[in-house]
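Report on the following structure.
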Amino acid sequence: MGKYQGTITHLRYDPVVSRNTKLLSAALLLLAAPAIAKPLEIYFVDVEGGQSTLVVSPSGQSLLIDAGYAGFGGRDAERIKTAAKAAGVGHIDYLLVTHYHSDHVGGVPNLLEVLHVTNVLDYGPSVDAGGTYPEDYAAAVSKIEAAKGTHKVVAPGDKIPVKGLDVTVVTAAGKHIDHALPGAGQPNEYCSGLEPRKEGSGDESGENPQAVGVVIELGKFRFGDFSDITWNKELALLCPDNKAGKLDLYLATHHGGLSSRAIWGLAPRVAIFNNGPSKGAEPAGWRLVKQSPGLEDVWQLHFALAGGSDANAADTFIANVDDDLGEYLKVTAEPTGAFTVTNHRNKFTRTYPAK
Ligand SMILES: [Zn+2]
Ligand SMILES: [Zn+2]
């Protein structure tokens, strides 16, 4: 027994054996360690003032929120394909059509010509098309179904089952979640004095109030895309309690048209404007978002001509400054909440460390 213990002691102090043991341990650790997790990637595709946002989960599954415009020789579908290629995505697992304005749904038929779409989701038949689906979109849905894909109508509270992400529908068909998302629901101090507008007046009718809004979460990281929801729908979602919760990344509502200051309750660290040169990022809307307490930066898809030098971000934060170049902004995010924004035009990046 004594001799045996002595042998063990000897082995422990043999430098050669010790080194080999360390190498073996390191090899075993490598075998046991999971592959380093990929980040969440979000591409804000330039569709000249429409919306097309490509979300790629660490699992590799993809969610495309809207497909930009029709026409222009399939311009927007080509730009989506470029982003998909950069992300290493060969098809779209989920296509979410937020509403039926041409800057969101128009590009769907072109998209199907360049990328396979497995599942398509929307808020239901269009309020503007007399309770039917717009013709070109209906044909696109049939094409997806004919290829054994699915079509689903989403409602507030539904999850879009992108593997590896938590995607919750918070607004759809004029309705909103009636319970706050987990961890959300705090009183929104910026709601005081905000009054709803007359229902059915101006922008409070037609497609925009129907738009599908989502909150996308990866661990502590939270991204909100509320498409083109209107003043009244913002108030319904965010007042008096903020049912969507605080965000790291916020896609400026309605391309950066004028929101209510209720959005300040979202407390985003970064806002992105999916504007065109002459559409969205209106000076008053831009300033309202810019003044959001705690906001660190604004990034834009285009220089907004109406904003001049005082209602635009610095050029380094703008994907397309002079021309219609189709450059995108890319966000990568980690479950810790840390994220990085990259301007594909000039490769300028900024990292926002986890809080
Ligand atoms: Zn729009
Ligand atoms: Zn719209």
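In the structure tokens, chains take the letters A, B, ... in the order shown, each chain's residues start at 1, and ligands count up from 1 in the order shown.
Look at segment 38-41 of chain A: the protein and nucleic acid residues within 6 Å of it, using only C-alpha atoms and passing over chain neighbours fewer than 3 places away, are A:Val55, A:Val56, A:Ser57, A:Pro58, A:Val331, A:Thr332, A:Ala333, A:Glu334.
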Subject >> Residue neighbourhood His116 of chain A, 8 Å, only C-alpha atoms, exclusion window fewer than 6 positions, as a PyMOL selection string >> reply: chain A and resi 90-92
Selected residues written out with all heavy atoms, as a PDB file, in the first residue's frame:
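Output file out-v9.pdb follows:
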ATOM      1  N   GLY A  90     -29.056  30.113 -47.615  1.00  0.00           N
ATOM      2  CA  GLY A  90     -29.420  29.671 -48.960  1.00  0.00           C
ATOM      3  C   GLY A  90     -30.907  29.737 -49.249  1.00  0.00           C
ATOM      4  O   GLY A  90     -31.344  29.606 -50.386  1.00  0.00           O
ATOM      5  N   HIS A  91     -31.714  29.913 -48.205  1.00  0.00           N
ATOM      6  CA  HIS A  91     -33.165  30.051 -48.380  1.00  0.00           C
ATOM      7  C   HIS A  91     -33.722  30.813 -47.172  1.00  0.00           C
ATOM      8  O   HIS A  91     -33.018  31.005 -46.185  1.00  0.00           O
ATOM      9  CB  HIS A  91     -33.836  28.679 -48.520  1.00  0.00           C
ATOM     10  CG  HIS A  91     -33.855  27.898 -47.241  1.00  0.00           C
ATOM     11  ND1 HIS A  91     -32.784  27.167 -46.795  1.00  0.00           N
ATOM     12  CD2 HIS A  91     -34.815  27.765 -46.291  1.00  0.00           C
ATOM     13  CE1 HIS A  91     -33.082  26.607 -45.634  1.00  0.00           C
ATOM     14  NE2 HIS A  91     -34.309  26.953 -45.303  1.00  0.00           N
ATOM     15  N   ILE A  92     -34.980  31.216 -47.275  1.00  0.00           N
ATOM     16  CA  ILE A  92     -35.630  31.941 -46.178  1.00  0.00           C
ATOM     17  C   ILE A  92     -36.570  30.965 -45.461  1.00  0.00           C
ATOM     18  O   ILE A  92     -37.498  30.433 -46.074  1.00  0.00           O
ATOM     19  CB  ILE A  92     -36.436  33.158 -46.711  1.00  0.00           C
ATOM     20  CG1 ILE A  92     -35.522  34.121 -47.503  1.00  0.00           C
ATOM     21  CG2 ILE A  92     -37.160  33.880 -45.578  1.00  0.00           C
ATOM     22  CD1 ILE A  92     -34.403  34.771 -46.723  1.00  0.00           C
TER      23      ILE A  92
END
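Atom CA of Ala244 of chain A to atom CA of Asp225 of chain A spans 10.7 Å [interatomic distance, one decimal].
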Subject >> Surrounding residues of Lys143 of chain A excluding itself and chain neighbours under 4 positions, 12 Å, only C-alpha atoms, as a list in words >> reply: Val108, Pro109, Leu111, Leu112, Glu113, His116, Val117, Thr118, Asn119, Val120, Asp136, Tyr137, Ala138, Ala139, Ala147, Lys148, Gly149, Thr150 and His151 of chain A
Write out the residues from the selection above, keeping N, CA, C and O atoms, as an mmCIF file, in the first residue's frame.
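Okay, this is what ended up in selection.cif:
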data_model
loop_
_atom_site.group_PDB
_atom_site.id
_atom_site.type_symbol
_atom_site.label_atom_id
_atom_site.label_comp_id
_atom_site.auth_asym_id
_atom_site.auth_seq_id
_atom_site.Cartn_x
_atom_site.Cartn_y
_atom_site.Cartn_z
ATOM 1 N N VAL A 108 -42.179 40.725 -52.896
ATOM 2 C CA VAL A 108 -42.307 39.285 -52.608
ATOM 3 C C VAL A 108 -42.227 38.411 -53.874
ATOM 4 O O VAL A 108 -41.470 37.441 -53.899
ATOM 5 N N PRO A 109 -42.983 38.728 -54.962
ATOM 6 C CA PRO A 109 -42.866 37.884 -56.157
ATOM 7 C C PRO A 109 -41.429 37.817 -56.700
ATOM 8 O O PRO A 109 -40.962 36.743 -57.080
ATOM 9 N N LEU A 111 -38.726 38.179 -54.963
ATOM 10 C CA LEU A 111 -37.940 37.413 -53.994
ATOM 11 C C LEU A 111 -38.015 35.912 -54.299
ATOM 12 O O LEU A 111 -37.003 35.212 -54.269
ATOM 13 N N LEU A 112 -39.240 35.454 -54.616
ATOM 14 C CA LEU A 112 -39.423 34.010 -54.865
ATOM 15 C C LEU A 112 -38.652 33.540 -56.098
ATOM 16 O O LEU A 112 -38.396 32.355 -56.244
ATOM 17 N N GLU A 113 -38.300 34.482 -56.968
ATOM 18 C CA GLU A 113 -37.518 34.105 -58.145
ATOM 19 C C GLU A 113 -36.053 33.882 -57.800
ATOM 20 O O GLU A 113 -35.336 33.205 -58.537
ATOM 21 N N HIS A 116 -35.654 30.554 -52.211
ATOM 22 C CA HIS A 116 -36.756 29.697 -51.786
ATOM 23 C C HIS A 116 -37.261 30.189 -50.427
ATOM 24 O O HIS A 116 -36.463 30.512 -49.546
ATOM 25 N N VAL A 117 -38.575 30.255 -50.270
ATOM 26 C CA VAL A 117 -39.195 30.643 -48.992
ATOM 27 C C VAL A 117 -40.007 29.455 -48.483
ATOM 28 O O VAL A 117 -40.861 28.927 -49.196
ATOM 29 N N THR A 118 -39.741 29.045 -47.239
ATOM 30 C CA THR A 118 -40.421 27.858 -46.705
ATOM 31 C C THR A 118 -41.765 28.195 -46.060
ATOM 32 O O THR A 118 -42.745 27.486 -46.258
ATOM 33 N N ASN A 119 -41.802 29.254 -45.265
ATOM 34 C CA ASN A 119 -43.043 29.617 -44.555
ATOM 35 C C ASN A 119 -43.304 31.109 -44.703
ATOM 36 O O ASN A 119 -42.379 31.909 -44.567
ATOM 37 N N VAL A 120 -44.556 31.464 -44.943
ATOM 38 C CA VAL A 120 -44.901 32.890 -45.054
ATOM 39 C C VAL A 120 -45.959 33.223 -44.007
ATOM 40 O O VAL A 120 -46.870 32.430 -43.747
ATOM 41 N N ASP A 136 -51.080 39.961 -56.411
ATOM 42 C CA ASP A 136 -49.708 39.465 -56.635
ATOM 43 C C ASP A 136 -49.207 38.690 -55.421
ATOM 44 O O ASP A 136 -48.495 37.697 -55.548
ATOM 45 N N TYR A 137 -49.598 39.174 -54.248
ATOM 46 C CA TYR A 137 -49.171 38.495 -53.021
ATOM 47 C C TYR A 137 -49.868 37.141 -52.895
ATOM 48 O O TYR A 137 -49.239 36.138 -52.538
ATOM 49 N N ALA A 138 -51.166 37.105 -53.213
ATOM 50 C CA ALA A 138 -51.913 35.838 -53.150
ATOM 51 C C ALA A 138 -51.260 34.799 -54.065
ATOM 52 O O ALA A 138 -51.124 33.627 -53.696
ATOM 53 N N ALA A 139 -50.835 35.242 -55.244
ATOM 54 C CA ALA A 139 -50.180 34.321 -56.186
ATOM 55 C C ALA A 139 -48.865 33.817 -55.602
ATOM 56 O O ALA A 139 -48.516 32.635 -55.740
ATOM 57 N N ALA A 147 -45.035 24.584 -53.272
ATOM 58 C CA ALA A 147 -43.709 23.976 -53.036
ATOM 59 C C ALA A 147 -43.651 23.373 -51.624
ATOM 60 O O ALA A 147 -42.584 23.262 -51.026
ATOM 61 N N LYS A 148 -44.831 23.008 -51.101
ATOM 62 C CA LYS A 148 -44.962 22.369 -49.783
ATOM 63 C C LYS A 148 -44.583 23.288 -48.619
ATOM 64 O O LYS A 148 -44.213 22.841 -47.538
ATOM 65 N N GLY A 149 -44.660 24.588 -48.850
ATOM 66 C CA GLY A 149 -44.441 25.551 -47.774
ATOM 67 C C GLY A 149 -45.747 25.782 -47.020
ATOM 68 O O GLY A 149 -46.775 25.195 -47.354
ATOM 69 N N THR A 150 -45.686 26.651 -46.004
ATOM 70 C CA THR A 150 -46.893 26.936 -45.235
ATOM 71 C C THR A 150 -47.194 28.431 -45.239
ATOM 72 O O THR A 150 -46.303 29.264 -45.421
ATOM 73 N N HIS A 151 -48.470 28.749 -45.005
ATOM 74 C CA HIS A 151 -48.925 30.133 -44.874
ATOM 75 C C HIS A 151 -49.683 30.222 -43.551
ATOM 76 O O HIS A 151 -50.558 29.400 -43.290
#
Subject >> Selected residue, from A:Asn275, A:Thr351, A:Asn320, A:Thr342, that lies nearest to Ala306 of chain A when counting only C-alpha atoms >> reply: A:Asn275
**OP:** Give me the residues within 9 Å of segment 48-52 of chain A as a PyMOL selection string, counting only C-alpha atoms and dropping any in the same chain fewer than 6 places off.
**Re:** chain A and resi 64-69+76+80+102-105+227+255+273-280+301-302+324+326
What does the list of residues within 9 Å of ligand 2 look like if you count only C-alpha atoms and all ligand atoms, written as a compact mmCIF listing (two decimals) with N, CA and C atoms, in the first residue's frame?
# COMPACT_ATOMS: atom_id res chain seq x y z
N GLY A 50 -38.18 51.51 -48.18
CA GLY A 50 -39.15 50.47 -47.78
C GLY A 50 -38.55 49.69 -46.63
N THR A 98 -45.33 42.34 -43.08
CA THR A 98 -45.93 43.09 -41.97
C THR A 98 -47.27 43.72 -42.35
N HIS A 99 -47.40 44.19 -43.59
CA HIS A 99 -48.65 44.74 -44.11
C HIS A 99 -48.49 44.90 -45.61
N TYR A 100 -49.56 45.38 -46.28
CA TYR A 100 -49.57 45.27 -47.74
C TYR A 100 -49.26 46.58 -48.47
N HIS A 101 -48.52 47.47 -47.86
CA HIS A 101 -48.03 48.63 -48.60
C HIS A 101 -46.90 48.16 -49.53
N SER A 102 -46.82 48.82 -50.68
CA SER A 102 -45.93 48.33 -51.75
C SER A 102 -44.45 48.34 -51.35
N ASP A 103 -44.08 49.17 -50.36
CA ASP A 103 -42.67 49.22 -49.96
C ASP A 103 -42.31 48.06 -49.03
N HIS A 104 -43.30 47.22 -48.69
CA HIS A 104 -43.06 46.07 -47.79
C HIS A 104 -43.35 44.75 -48.50
N GLY A 206 -56.57 52.37 -42.78
CA GLY A 206 -55.83 51.65 -43.82
C GLY A 206 -54.82 50.66 -43.25
N GLU A 207 -53.76 50.46 -43.98
CA GLU A 207 -52.82 49.38 -43.69
C GLU A 207 -51.91 49.60 -42.47
N ASN A 208 -51.41 50.81 -42.27
CA ASN A 208 -50.39 50.98 -41.23
C ASN A 208 -50.82 50.54 -39.83
N PRO A 209 -52.07 50.85 -39.41
CA PRO A 209 -52.45 50.39 -38.06
C PRO A 209 -52.52 48.87 -37.95
N ALA A 211 -50.21 46.80 -39.15
CA ALA A 211 -48.87 46.22 -39.34
C ALA A 211 -48.45 45.29 -38.20
N SER A 227 -42.52 47.93 -37.62
CA SER A 227 -42.93 48.24 -38.99
C SER A 227 -43.51 49.66 -39.05
N ASP A 228 -44.71 49.80 -39.61
CA ASP A 228 -45.29 51.13 -39.83
C ASP A 228 -46.45 51.42 -38.88
N ILE A 229 -46.42 50.87 -37.66
CA ILE A 229 -47.58 51.12 -36.78
C ILE A 229 -47.70 52.62 -36.51
N HIS A 254 -42.13 53.31 -38.77
CA HIS A 254 -42.57 53.95 -40.01
C HIS A 254 -41.43 54.70 -40.69
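Nearest-residue note for ligand 1: choosing from A:Ala252, A:Leu115, A:Leu325, A:Asn346, the minimum distance belongs to A:Ala252, counting only C-alpha atoms and all ligand atoms.
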Subject >> Selected residue, from A:Ala313, A:Leu218, A:Val47, A:Leu235, that lies nearest to ligand 1 when counting only C-alpha atoms and all ligand atoms >> reply: A:Val47
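Considering the residues A:Phe317, A:Tyr123, A:Phe226, A:Tyr43 and counting only C-alpha atoms and all ligand atoms, ligand 1 has its shortest atom-to-atom contact with A:Phe226.
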**OP:** For Ser259 of chain A, list every protein, DNA or RNA residue within 10 Å, evaluated using only C-alpha atoms, and leave out those in the same chain fewer than 6 positions away; present the list as a ChimeraX atom specification.
**Re:** /A:228-232,234-235,252-253,284-286,288-289
Restricting the output to N, CA, C and O atoms, write the selected residues as a CSV table (one decimal), in the first residue's frame.
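And here is the file that came out, result_31.csv:
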chain,number,residue,atom,x,y,z
A,228,ASP,N,-44.7,49.8,-39.6
A,228,ASP,CA,-45.3,51.1,-39.8
A,228,ASP,C,-46.5,51.4,-38.9
A,228,ASP,O,-47.4,52.1,-39.2
A,229,ILE,N,-46.4,50.9,-37.7
A,229,ILE,CA,-47.6,51.1,-36.8
A,229,ILE,C,-47.7,52.6,-36.5
A,229,ILE,O,-46.7,53.4,-36.6
A,230,THR,N,-48.9,53.0,-36.2
A,230,THR,CA,-49.2,54.4,-36.1
A,230,THR,C,-49.2,54.9,-34.7
A,230,THR,O,-48.9,54.2,-33.7
A,231,TRP,N,-49.4,56.2,-34.5
A,231,TRP,CA,-49.4,56.9,-33.2
A,231,TRP,C,-50.3,56.2,-32.2
A,231,TRP,O,-49.8,55.8,-31.1
A,232,ASN,N,-51.5,55.9,-32.6
A,232,ASN,CA,-52.4,55.2,-31.7
A,232,ASN,C,-52.0,53.8,-31.3
A,232,ASN,O,-52.2,53.4,-30.2
A,234,GLU,N,-48.8,52.8,-31.2
A,234,GLU,CA,-47.7,53.0,-30.3
A,234,GLU,C,-48.2,53.2,-28.9
A,234,GLU,O,-47.8,52.5,-27.9
A,235,LEU,N,-49.2,54.1,-28.8
A,235,LEU,CA,-49.8,54.3,-27.5
A,235,LEU,C,-50.4,53.1,-26.8
A,235,LEU,O,-50.3,52.8,-25.6
A,252,ALA,N,-36.5,52.4,-36.3
A,252,ALA,CA,-37.4,53.5,-36.1
A,252,ALA,C,-38.7,53.3,-36.8
A,252,ALA,O,-38.7,52.9,-38.0
A,253,THR,N,-39.8,53.4,-36.1
A,253,THR,CA,-41.1,53.1,-36.6
A,253,THR,C,-41.5,54.0,-37.8
A,253,THR,O,-41.2,55.1,-37.9
A,284,ALA,N,-38.5,66.1,-38.0
A,284,ALA,CA,-39.1,66.0,-36.7
A,284,ALA,C,-39.0,64.6,-36.1
A,284,ALA,O,-38.8,64.4,-34.9
A,285,GLY,N,-39.3,63.6,-37.0
A,285,GLY,CA,-39.2,62.2,-36.5
A,285,GLY,C,-37.8,61.8,-36.1
A,285,GLY,O,-37.6,61.1,-35.1
A,286,TRP,N,-36.8,62.3,-36.9
A,286,TRP,CA,-35.4,62.0,-36.6
A,286,TRP,C,-35.0,62.5,-35.3
A,286,TRP,O,-34.4,61.9,-34.5
A,288,LEU,N,-36.9,63.4,-32.8
A,288,LEU,CA,-37.6,62.7,-31.6
A,288,LEU,C,-36.9,61.4,-31.2
A,288,LEU,O,-36.6,61.2,-30.0
A,289,VAL,N,-36.5,60.6,-32.2
A,289,VAL,CA,-35.8,59.4,-31.9
A,289,VAL,C,-34.4,59.7,-31.3
A,289,VAL,O,-34.0,59.1,-30.3
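Minimum atom-to-atom distance to ligand 1, evaluated using only C-alpha atoms and all ligand atoms, belongs to A:Val97 out of A:Asp122, A:Val97, A:Ser309, A:Leu54.
In this model, the gap between atom CA of Lys355 of chain A and atom CA of Tyr250 of chain A comes to 16.7 Å.
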Subject >> Within 8 Å of Arg287 of chain A using only C-alpha atoms, minus same-chain residues under 4 positions, as a ChimeraX atom specification >> reply: /A:283,291,311
Please write the residues from the selection above to a file, keeping C-alpha atoms, as a PDB file, in the first residue's frame.
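Output file part.pdb is given in full below:
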ATOM      1  CA  PRO A 283     -36.505  65.970 -39.495  1.00  0.00           C
ATOM      2  CA  GLN A 291     -33.565  62.658 -28.192  1.00  0.00           C
ATOM      3  CA  ALA A 311     -31.126  66.057 -38.796  1.00  0.00           C
TER       4      ALA A 311
END
Subject >> Residues flagged strand (DSSP E or B) by DSSP in segment 230-354 of chain A, as a ChimeraX atom specification >> reply: /A:241,249-251,270-273,276,279,297-302,318-320,329-333,339-343,349-352
**OP:** Give the alpha helix (DSSP H) residues of segment 70-281 of chain A, as DSSP finds them on the backbone, and put them as a PyMOL selection string.
**Re:** chain A and resi 75-87+102-105+108-114+135-146+231-238
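Going from atom CA of Lys81 of chain A over to atom CA of Val114 of chain A, you cover 7.0 Å.
Closest approach to ligand 1 from the set A:Gly193, A:Ile177, A:Gly106, A:Pro125 is made by A:Gly106, with distances taken over only C-alpha atoms and all ligand atoms.
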